[in-house]
Amino acid sequence: MARDNSDSPILAYNSGGTLVGHISGSLVSEARGLAIDSSGHLWVSNPGNETIYQIDLSTGFSEEGSIPEQPRMLSADRNPVTASVVITGTGFSGASLEIFDVFGRRLESSPFTGTYLWNASGVAHGIYFVRVSDANETRVLKLVRTSSR
């Protein structure tokens with residue numbers, strides 16, 4: 001919902017009608033022409049300064065009125081892993097990736113730019129941990145290495 005002449009022109013409600021977030025007036029002083037695209041982005045026009053804003057709704061709303069940072073997430077394209085796996089991460093900047101076995105031995109380390117292909121065919125079946133770290137946060141992903149069927 002958009003409102004003119006308010007300190008919070010964009011309000012978000014859940015399907016039950018409860019207010020769940022807002023974007024304060026410091027971001028979009030006037031909001032008109034609201035639209036949501038197929039990717040889940042909210043597009044808002046501000047006729048006052050002839051600007052169009054794209055807001056990623058999956059990241060939530062910020063009390064300060066700024067667009068929130070992209071959440072840090074780490075995932076694998078398959079788990080359990082049989083031979084290789086693509087590890088994907090979002091929200092990291094200047095990150096490093098390390099892979100450890102269950103005994104804490106580091107098997108691999110590499111700069112991480114968002115995707116990493118791990119060839120696990122040379123390691124024994126078992127549990128492995130992928131750790132991705134940047135200056136702000138560390139995320140760990142547990143992988144299980146099994147035989148192919």
# chains A, B, ... in the order shown; residues from 1 in each chain; ligands from 1

call {"tool": "residues_around", "arguments": {"residues": "A:Asp77", "least_positions_apart": "4", "cutoff": "10 Å", "atoms": "only C-alpha atoms", "output": "list in words"}}
result
Val81, Ser84, Val85, Val86, Ile87, Thr88 and Leu117 of chain A

call {"tool": "write_last_selection", "arguments": {"atoms": "N, CA and C atoms", "output": "PDB file, in the first residue's frame"}}
result
ATOM      1  N   VAL A  81      25.891 -35.786  -2.013  1.00  0.00           N
ATOM      2  CA  VAL A  81      26.786 -35.586  -3.152  1.00  0.00           C
ATOM      3  C   VAL A  81      27.304 -36.943  -3.597  1.00  0.00           C
ATOM      4  N   SER A  84      30.215 -34.667  -7.806  1.00  0.00           N
ATOM      5  CA  SER A  84      30.549 -33.241  -7.724  1.00  0.00           C
ATOM      6  C   SER A  84      29.304 -32.481  -7.299  1.00  0.00           C
ATOM      7  N   VAL A  85      29.538 -31.260  -6.819  1.00  0.00           N
ATOM      8  CA  VAL A  85      28.447 -30.431  -6.333  1.00  0.00           C
ATOM      9  C   VAL A  85      28.788 -28.973  -6.597  1.00  0.00           C
ATOM     10  N   VAL A  86      27.775 -28.203  -6.947  1.00  0.00           N
ATOM     11  CA  VAL A  86      27.940 -26.765  -7.109  1.00  0.00           C
ATOM     12  C   VAL A  86      27.431 -26.098  -5.830  1.00  0.00           C
ATOM     13  N   ILE A  87      28.314 -25.363  -5.198  1.00  0.00           N
ATOM     14  CA  ILE A  87      27.993 -24.632  -3.974  1.00  0.00           C
ATOM     15  C   ILE A  87      27.721 -23.187  -4.381  1.00  0.00           C
ATOM     16  N   THR A  88      26.583 -22.673  -3.950  1.00  0.00           N
ATOM     17  CA  THR A  88      26.168 -21.326  -4.318  1.00  0.00           C
ATOM     18  C   THR A  88      25.940 -20.512  -3.065  1.00  0.00           C
ATOM     19  N   LEU A 117      32.522 -25.127  -7.763  1.00  0.00           N
ATOM     20  CA  LEU A 117      32.312 -26.523  -8.135  1.00  0.00           C
ATOM     21  C   LEU A 117      33.305 -27.369  -7.360  1.00  0.00           C
TER      22      LEU A 117
END

call {"tool": "atom_distance", "arguments": {"atom1": "atom CA of A:Trp118", "atom2": "atom CA of A:Ala83"}}
result
8.6 Å

call {"tool": "atom_distance", "arguments": {"atom1": "atom CA of A:Arg145", "atom2": "atom CA of A:Ile127"}}
result
6.2 Å

call {"tool": "residues_around", "arguments": {"residues": "stretch 73-76 of chain A", "least_positions_apart": "5", "cutoff": "10 Å", "atoms": "only C-alpha atoms", "output": "ChimeraX atom specification"}}
result
/A:81,85-92,114-117,130-132,138-143

call {"tool": "residues_around", "arguments": {"residues": "A:Ala124", "least_positions_apart": "5", "cutoff": "12 Å", "atoms": "only C-alpha atoms", "output": "VMD selection string"}}
result
chain A and resid 81 to 83 101 to 102 107 119 144 to 147

call {"tool": "select_by_dssp", "arguments": {"residues": "stretch 79-112 of chain A", "states": "strand (DSSP E or B)", "output": "PyMOL selection string"}}
result
chain A and resi 81+84-90+95-101+106-112
